[in-house]
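J.: Here you go, this is my_file-v8.txt (compact mmCIF, C-alpha atoms).
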# COMPACT_ATOMS: atom_id res chain seq x y z
CA MET A 571 26.75 0.57 54.21
CA ALA A 572 26.69 -3.24 54.48
CA THR A 573 27.67 -4.86 51.21
CA LEU A 574 24.94 -6.92 49.60
CA GLY A 575 27.55 -9.34 48.27
CA GLU A 576 27.42 -10.94 51.74
CA PRO A 577 24.54 -13.49 51.88
CA LYS A 578 23.32 -12.43 55.36
CA ASN A 579 22.87 -8.82 54.20
CA THR A 580 20.94 -9.94 51.13
CA ILE A 581 18.64 -12.10 53.28
CA GLU A 582 18.10 -9.18 55.68
CA ILE A 583 16.95 -6.86 52.85
CA LEU A 584 14.69 -9.53 51.30
CA ASN A 585 13.06 -10.21 54.66
CA LYS A 586 12.67 -6.51 55.48
CA TYR A 587 10.68 -5.95 52.28
CA HIS A 588 8.96 -9.37 52.27
CA PHE A 589 10.35 -9.83 48.78
CA ILE A 590 9.16 -12.85 46.79
CA PHE A 591 11.27 -14.07 43.84
CA GLN A 592 9.41 -13.92 40.55
CA LYS A 593 9.99 -16.92 38.32
CA LYS A 594 8.76 -14.98 35.26
CA PHE A 595 11.67 -12.50 35.66
CA GLY A 596 14.29 -15.25 36.11
CA GLN A 597 15.63 -13.65 39.30
CA ASN A 598 18.89 -15.00 40.78
CA PHE A 599 20.78 -12.49 42.95
CA LEU A 600 24.58 -12.62 43.22
CA ILE A 601 25.94 -13.28 46.71
CA ASP A 602 29.68 -13.48 46.09
CA THR A 603 31.93 -10.44 46.42
CA HIS A 604 34.79 -12.03 44.43
CA VAL A 605 32.53 -12.49 41.40
CA LEU A 606 31.28 -8.90 41.70
CA GLU A 607 34.88 -7.64 41.69
CA LYS A 608 35.69 -9.79 38.63
CA ILE A 609 32.76 -8.27 36.73
CA ILE A 610 33.89 -4.70 37.52
CA ARG A 611 37.46 -5.57 36.43
CA ALA A 612 36.35 -7.30 33.24
CA ALA A 613 34.18 -4.32 32.25
CA GLU A 614 37.17 -1.99 32.84
CA ILE A 615 34.96 0.63 34.50
CA THR A 616 36.51 4.03 35.25
CA LYS A 617 35.33 7.35 36.68
CA GLU A 618 34.79 8.57 33.09
CA ASP A 619 32.11 5.97 32.36
CA LEU A 620 28.35 5.95 32.07
CA VAL A 621 27.26 2.39 32.86
CA LEU A 622 23.89 0.93 31.92
CA GLU A 623 22.98 -1.90 34.29
CA ILE A 624 20.23 -4.25 33.17
CA GLY A 625 18.34 -5.96 35.98
CA PRO A 626 19.95 -4.54 39.15
CA GLY A 627 17.78 -6.72 41.41
CA ILE A 628 18.25 -5.40 44.98
CA GLY A 629 21.28 -3.34 43.92
CA THR A 630 24.12 -5.74 44.79
CA MET A 631 26.24 -5.02 41.73
CA THR A 632 24.84 -1.49 41.41
CA GLN A 633 26.64 -0.47 44.63
CA TYR A 634 29.95 -1.64 43.14
CA LEU A 635 29.20 0.15 39.87
CA CYS A 636 28.37 3.41 41.68
CA GLU A 637 31.74 3.25 43.46
CA SER A 638 33.62 2.75 40.18
CA ALA A 639 31.74 4.73 37.49
CA ARG A 640 30.87 8.38 36.90
CA GLU A 641 27.18 7.59 36.50
CA VAL A 642 24.97 4.48 36.55
CA VAL A 643 21.56 4.00 34.95
CA ALA A 644 19.90 0.87 36.37
CA VAL A 645 16.91 -0.51 34.45
CA GLU A 646 14.70 -2.88 36.48
CA ILE A 647 11.48 -4.44 35.16
CA ASP A 648 10.13 -5.67 38.53
CA ARG A 649 8.33 -2.77 40.20
CA ASN A 650 8.49 -4.58 43.59
CA LEU A 651 12.25 -3.97 43.59
CA ILE A 652 12.03 -0.21 42.99
CA PRO A 653 11.39 0.79 46.65
CA ILE A 654 14.26 -1.46 47.82
CA LEU A 655 16.62 0.28 45.37
CA THR A 656 15.47 3.89 45.78
CA GLU A 657 14.64 3.95 49.51
CA ASP A 658 17.31 1.61 50.81
CA THR A 659 20.25 -0.01 49.02
CA LEU A 660 21.07 2.88 46.65
CA LYS A 661 19.82 5.85 48.66
CA ASP A 662 23.36 6.94 49.63
CA TYR A 663 24.55 7.22 46.01
CA ASP A 664 23.95 10.42 44.06
CA ASN A 665 25.29 9.05 40.75
CA VAL A 666 22.58 6.48 40.02
CA THR A 667 19.20 6.68 38.27
CA VAL A 668 16.77 3.78 38.61
CA ILE A 669 14.30 3.26 35.76
CA ASN A 670 11.35 0.88 36.12
CA GLU A 671 11.13 -0.32 32.51
CA ASP A 672 11.51 -3.33 30.21
CA ILE A 673 15.00 -2.99 28.67
CA LEU A 674 13.68 -4.32 25.35
CA LYS A 675 11.34 -1.30 25.14
CA LEU A 676 13.79 1.38 26.29
CA ASP A 677 15.28 3.79 23.74
CA ILE A 678 18.92 3.27 24.69
CA ASN A 679 20.28 5.42 21.85
CA LYS A 680 18.28 8.35 23.25
CA LEU A 681 19.62 7.65 26.74
CA VAL A 682 23.23 7.63 25.43
CA GLN A 683 22.67 10.97 23.67
CA GLU A 684 21.13 12.61 26.74
CA ARG A 685 23.42 11.19 29.45
CA ASN A 686 26.73 10.67 27.64
CA ALA A 687 26.69 13.09 24.66
CA GLY A 688 26.56 10.10 22.29
CA ARG A 689 29.87 8.65 23.51
CA PRO A 690 30.14 4.86 23.98
CA ILE A 691 28.75 3.48 27.23
CA LYS A 692 29.45 0.22 29.07
CA VAL A 693 26.70 -2.28 29.77
CA VAL A 694 26.79 -4.59 32.79
CA ALA A 695 24.12 -7.15 33.65
CA ASN A 696 23.26 -10.33 35.49
CA LEU A 697 20.83 -11.43 32.79
CA PRO A 698 17.76 -13.63 33.23
CA TYR A 699 18.68 -16.72 31.21
CA TYR A 700 15.43 -16.95 29.26
CA ILE A 701 15.97 -13.52 27.68
CA THR A 702 19.78 -13.31 27.34
CA THR A 703 19.97 -13.59 23.55
CA PRO A 704 17.20 -11.07 22.70
CA ILE A 705 18.77 -8.48 25.05
CA ILE A 706 22.32 -8.90 23.74
CA MET A 707 21.31 -9.03 20.08
CA GLY A 708 18.95 -6.07 20.63
CA LEU A 709 21.87 -3.99 21.94
CA LEU A 710 24.21 -5.03 19.12
CA GLU A 711 21.70 -4.66 16.27
CA ALA A 712 20.43 -1.27 17.46
CA HIS A 713 23.98 0.07 16.91
CA VAL A 714 23.98 1.68 20.35
CA PRO A 715 27.39 3.38 20.97
CA LEU A 716 28.97 0.71 23.19
CA ASP A 717 32.47 0.09 24.48
CA ASN A 718 31.71 -3.32 25.94
CA ILE A 719 28.92 -5.50 27.29
CA THR A 720 29.92 -7.52 30.38
CA VAL A 721 27.21 -9.95 31.39
CA MET A 722 26.51 -12.95 33.57
CA VAL A 723 24.93 -15.61 31.38
CA GLN A 724 24.29 -19.34 31.40
CA LYS A 725 27.64 -21.15 30.92
CA GLU A 726 26.51 -22.90 27.74
CA VAL A 727 25.43 -19.57 26.19
CA ALA A 728 28.86 -18.07 26.96
CA ASP A 729 30.47 -21.11 25.30
CA ARG A 730 28.27 -20.65 22.23
CA MET A 731 29.17 -16.97 21.94
CA GLN A 732 32.88 -17.65 21.68
CA ALA A 733 32.78 -20.98 19.78
CA GLY A 734 34.59 -21.40 16.46
CA PRO A 735 33.76 -23.40 13.28
CA GLY A 736 33.47 -27.17 13.61
CA SER A 737 32.62 -27.25 17.32
CA LYS A 738 29.27 -28.43 18.67
CA ASP A 739 28.66 -25.01 20.32
CA TYR A 740 29.21 -23.07 17.07
CA GLY A 741 26.05 -21.61 15.59
CA ALA A 742 24.12 -18.52 14.54
CA LEU A 743 24.67 -16.86 17.95
CA SER A 744 28.48 -17.37 17.73
CA LEU A 745 28.58 -15.71 14.30
CA ALA A 746 26.24 -12.85 15.23
CA VAL A 747 28.17 -11.99 18.41
CA GLN A 748 31.58 -12.28 16.72
CA TYR A 749 30.47 -10.04 13.84
CA TYR A 750 29.87 -7.20 16.33
CA ALA A 751 32.29 -7.95 19.16
CA GLU A 752 35.19 -9.96 20.51
CA PRO A 753 33.95 -12.36 23.23
CA TYR A 754 36.07 -13.22 26.25
CA ILE A 755 34.98 -15.43 29.18
CA ALA A 756 36.21 -13.60 32.30
CA ALA A 757 34.99 -16.08 34.93
CA ASN A 758 33.04 -19.28 35.41
CA VAL A 759 30.55 -18.95 38.26
CA PRO A 760 29.16 -21.93 40.23
CA GLN A 761 25.53 -22.18 41.30
CA ASN A 762 26.23 -21.46 44.98
CA CYS A 763 27.14 -17.83 44.15
CA PHE A 764 23.45 -17.02 43.68
CA MET A 765 20.25 -16.77 45.68
CA PRO A 766 18.17 -18.72 44.85
CA ARG A 767 20.59 -21.24 43.29
CA PRO A 768 20.01 -21.67 39.54
CA ASN A 769 19.95 -25.18 38.06
CA VAL A 770 22.90 -24.48 35.75
CA GLY A 771 26.40 -23.07 35.90
CA SER A 772 27.02 -19.48 34.82
CA ALA A 773 29.82 -17.46 33.28
CA VAL A 774 30.79 -13.80 33.04
CA ILE A 775 31.45 -12.91 29.41
CA ARG A 776 32.75 -9.59 28.09
CA LEU A 777 31.89 -8.55 24.54
CA LYS A 778 34.34 -5.85 23.42
CA LEU A 779 32.76 -4.05 20.47
CA HIS A 780 34.66 -3.96 17.17
CA SER A 781 35.22 -0.47 15.77
CA GLU A 782 34.64 -2.06 12.33
CA PRO A 783 33.13 -5.52 11.66
CA PRO A 784 35.87 -8.11 10.99
CA VAL A 785 34.25 -8.90 7.63
CA GLN A 786 32.57 -6.67 5.07
CA ALA A 787 29.20 -7.96 3.90
CA LYS A 788 27.39 -6.03 1.17
CA ASP A 789 24.11 -6.73 2.96
CA ASP A 790 24.59 -7.96 6.53
CA ARG A 791 20.85 -8.63 6.96
CA PHE A 792 20.95 -11.07 4.03
CA MET A 793 24.13 -12.65 5.41
CA PHE A 794 22.40 -13.30 8.75
CA ARG A 795 19.37 -14.78 6.97
CA LEU A 796 21.78 -17.23 5.31
CA ILE A 797 23.43 -17.99 8.66
CA ARG A 798 20.09 -18.63 10.40
CA ALA A 799 18.97 -20.89 7.54
CA ALA A 800 22.29 -22.77 7.64
CA PHE A 801 21.87 -23.60 11.35
CA ASN A 802 18.11 -24.14 11.52
CA GLN A 803 18.69 -27.72 10.41
CA ARG A 804 22.35 -28.05 11.28
CA ARG A 805 22.69 -31.75 10.39
CA LYS A 806 21.73 -31.04 6.78
CA THR A 807 24.19 -29.98 4.12
CA LEU A 808 24.39 -26.25 3.49
CA VAL A 809 22.86 -26.74 0.02
CA ASN A 810 19.77 -28.43 1.46
CA SER A 811 19.47 -26.02 4.40
CA LEU A 812 19.52 -22.93 2.15
CA ALA A 813 17.33 -24.43 -0.58
CA ASN A 814 14.65 -25.54 1.92
CA SER A 815 14.55 -22.38 4.01
CA PRO A 816 11.72 -19.83 3.59
CA GLU A 817 14.25 -17.21 4.84
CA THR A 818 16.40 -17.51 1.72
CA ALA A 819 14.33 -18.99 -1.16
CA LEU A 820 17.45 -20.02 -3.10
CA SER A 821 17.75 -22.75 -5.70
CA LYS A 822 20.09 -25.69 -5.11
CA GLU A 823 21.82 -24.85 -8.40
CA ALA A 824 22.65 -21.30 -7.26
CA VAL A 825 24.06 -22.51 -3.92
CA LEU A 826 26.09 -25.31 -5.56
CA ALA A 827 27.55 -22.87 -8.10
CA ALA A 828 28.56 -20.45 -5.31
CA LEU A 829 30.17 -23.24 -3.25
CA GLN A 830 32.08 -24.43 -6.31
CA GLN A 831 33.39 -20.92 -6.92
CA MET A 832 34.53 -20.76 -3.28
CA GLU A 833 36.19 -24.17 -3.64
CA LEU A 834 33.98 -25.66 -0.94
CA SER A 835 32.59 -29.20 -1.02
CA PRO A 836 28.98 -29.59 -2.27
CA THR A 837 28.30 -31.57 0.93
CA VAL A 838 29.71 -28.94 3.33
CA ARG A 839 27.60 -28.09 6.39
CA GLY A 840 27.00 -24.61 7.77
CA GLU A 841 28.94 -25.37 10.96
CA GLU A 842 32.15 -25.71 8.92
CA LEU A 843 32.06 -22.17 7.46
CA THR A 844 33.81 -19.16 9.01
CA LEU A 845 32.22 -15.72 9.28
CA ALA A 846 34.35 -14.57 6.33
CA GLN A 847 33.08 -17.50 4.22
CA PHE A 848 29.46 -16.66 5.08
CA ALA A 849 30.13 -13.06 4.04
CA GLY A 850 31.63 -14.25 0.74
CA LEU A 851 28.75 -16.64 0.12
CA SER A 852 26.18 -13.93 0.78
CA GLU A 853 27.83 -11.64 -1.80
CA MET A 854 27.64 -14.39 -4.44
CA LEU A 855 24.02 -15.24 -3.73
CA LEU A 856 22.65 -11.69 -3.51
If you convert what's in this file into structure tokens, what do you get?

T.:
Amino acid sequence: MATLGEPKNTIEILNKYHFIFQKKFGQNFLIDTHVLEKIIRAAEITKEDLVLEIGPGIGTMTQYLCESAREVVAVEIDRNLIPILTEDTLKDYDNVTVINEDILKLDINKLVQERNAGRPIKVVANLPYYITTPIIMGLLEAHVPLDNITVMVQKEVADRMQAGPGSKDYGALSLAVQYYAEPYIAANVPQNCFMPRPNVGSAVIRLKLHSEPPVQAKDDRFMFRLIRAAFNQRRKTLVNSLANSPETALSKEAVLAALQQMELSPTVRGEELTLAQFAGLSEMLL
């Protein structure tokens, strides 16, 4: 079968089905075989694995996944792509199931129980940029049994996920991702590797799930409320951010007392605190 990683084969399939790209689904199909191979390598896919692919498009990466994994479940929201996948590009593979569904509405825990006896799965995706964060945080917060999530995202989002304290990219997303997983940028991907070309550069990032969070927070939901409040107005001091936020409803006195106990400056900003410091602060303010 002709590989879809070659641009001419992608164009042939799109023309055959008179496919029109849908802006609302943020569709950009990969047309570079080297990038596809890097994704498979980064995800460390073996014949033991059940892989969940989010947004298979016309099946470009799905073909590679089917060759490498035991079983692939591909979840595609655009019903116009379903005939291309089931009648054409994936018809020769007996280890793939295509589901026409919105990934944010799918019960992934149920899928893992039924298809993989509750063992950790691997997630691979070329994510639409407008919905990257909700999908990734949805997977992490639902406590789905995961080994790793390897995804194509906007370059600046990948940078934010792995940023550390004090950098301009560091924020609530960095802390949330790093609480659940260890981020690693496996490849930077230029615009010409996609059809149509996106306006921004992309990156492949792998999130390897921690077996235990790197910090222990008595109430992680409260800790993340503090983190969101701290970065909602990132130029403000932490005291003012937390005291003014409806998420936390804390007094300035309580925050100042906690900072003093932690030997932090009363004028410290949220972007200067580590995940461990946020965990410590949340314990004191609970």

J.: Rounded to one decimal, what separation in Å do you get between atom CA of A:Met722 and atom CA of A:Ser772?

T.: 6.7 Å

J.: Quick check, in Å to one decimal: how far apart do atom CA of A:Pro816 and atom CA of A:Asp729 lie?

T.: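 These atoms are spaced 28.7 Å apart.
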
J.: Compare A:Val682, A:Val694, A:Ala799, A:Ala742 by their minimum atom-to-atom distance to A:His713, counting all atoms listed in the file, and give me the closest one.

T.: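 Of A:Val682, A:Val694, A:Ala799, A:Ala742, the one nearest A:His713 is A:Val682, counting all atoms listed in the file.
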
J.: List as a PyMOL selection string: which residues have an atom within 7 Å of (18.7, -16.6, 41.3), counting all atoms listed in the file?

T.: chain A and resi 596-599+764-768

J.: Which residues, written as a count of residues only, have at least one atom at most 8 Å from stretch 803-810 of chain A, with all atoms listed in the file counted and residues fewer than 4 positions away on the same chain left out?

T.: 11

J.: List the neighbours of A:Val693 out to 6 Å using all atoms listed in the file; skip same-chain residues closer than 4 positions along the sequence, and give me the result as a ChimeraX atom specification.

T.: /A:621-623,719

J.: Any chance you could tabulate, as a Markdown table, the residues of stretch 631-748 of chain A at most 12 Å from stretch 847-855 of chain A with each one's nearest atom pair and distance in Å to one decimal, using all atoms listed in the file, in chain and rising number order?

T.:
| residue | atom | partner | partner_atom | distance |
| --- | --- | --- | --- | --- |
| A:Pro735 | CA | A:Gln847 | CA | 10.8 |
| A:Ala742 | CA | A:Phe848 | CA | 11.0 |
| A:Leu745 | CA | A:Phe848 | CA | 9.3 |
| A:Ala746 | CA | A:Phe848 | CA | 11.3 |

J.: Please list, as a PyMOL selection string, the residues that have an atom at most 12 Å away from (20.4, -4.5, 18.1) in the coordinates of this file, counting only C-alpha atoms.

T.: chain A and resi 673-675+677-679+703-716+746-747+750+791

J.: Using all atoms listed in the file, tabulate the residues of stretch 596-697 of chain A lying at most 10 Å from any atom of stretch 578-584 of chain A, each with its closest atom pair and that distance in Å to one decimal, by chain and increasing residue number, as a tab-separated table.

T.:
residue	atom	partner	partner_atom	distance
A:Phe599	CA	A:Thr580	CA	8.6
A:Leu600	CA	A:Thr580	CA	9.1
A:Ile601	CA	A:Thr580	CA	7.5
A:Ile628	CA	A:Thr580	CA	8.1
A:Gly629	CA	A:Thr580	CA	9.8
A:Thr630	CA	A:Thr580	CA	8.2
A:Leu651	CA	A:Leu584	CA	9.8
A:Ile654	CA	A:Ile583	CA	7.9
A:Asp658	CA	A:Ile583	CA	8.7
A:Thr659	CA	A:Ile583	CA	8.5

J.: Using only C-alpha atoms, which residues sit within 7 Å of A:His780 once same-chain residues fewer than 3 positions away are excluded, as a list in words?

T.: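 Residues near the query, excluding close chain neighbours: Tyr750, Ala751, Glu752 and Pro783 of chain A.
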
J.: Nearest to A:Leu574: which of A:Gln633, A:Ser638, A:Asn686, A:Thr616 is it, counting only C-alpha atoms?

T.: A:Gln633

J.: Using Å and a single decimal, report how far atom CA of A:Asn696 sits from atom CA of A:Tyr749.

T.: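 Pair atom CA of A:Tyr749 / atom CA of A:Asn696 returns 22.8 Å.
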
J.: Quick one: what's the axis-aligned box for stretch 695-698 of chain A, all listed atoms, 5 Å on every side, centre and edges in Å to one decimal, as AutoDock Vina command-line options?

T.:
--center_x 20.9 --center_y -10.4 --center_z 34.1 --size_x 16.4 --size_y 16.5 --size_z 12.7

J.: Skipping near chain neighbours, those fewer than 6 positions away, what residues fall within 8 Å of A:Glu646 using all atoms listed in the file, listed as a list in words?

T.: Ile624, Gly625, Pro626, Gly627, Ile652, Val668, Ile669, Asn670, Glu671, Asp672 and Ile673 of chain A

J.: Under the rule that all atoms listed in the file are counted, which of A:His588, A:Arg798, A:Arg685, A:Arg730 is the nearest residue to A:Asn650?

T.: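 Closest residue, counting all atoms listed in the file: A:His588.
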
J.: Point out the residue among A:Met832, A:Leu620, A:Val774, A:Ala733 with the least atom-to-atom distance to A:Gly688, counting all atoms listed in the file.

T.: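 Comparing A:Met832, A:Leu620, A:Val774, A:Ala733 against A:Gly688, the winner is A:Leu620.
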
J.: Name the closest residue to A:Leu796 among the candidates A:Leu845, A:Asp739, A:Val666, A:Val770; distances are taken between atoms, counting only C-alpha atoms.

T.: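 Result for the nearest residue to A:Leu796: A:Leu845.
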
J.: Which residues are close to A:Asp664, i.e. within 12 Å by all atoms listed in the file, leaving aside same-chain residues fewer than 3 positions away? Reply as a list of chain:residue names.

T.: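 Counting all atoms listed in the file, the residues come to A:Gln633, A:Cys636, A:Glu637, A:Ala639, A:Arg640, A:Glu641, A:Val642, A:Val643, A:Thr656, A:Leu660, A:Lys661, A:Thr667, A:Val668.
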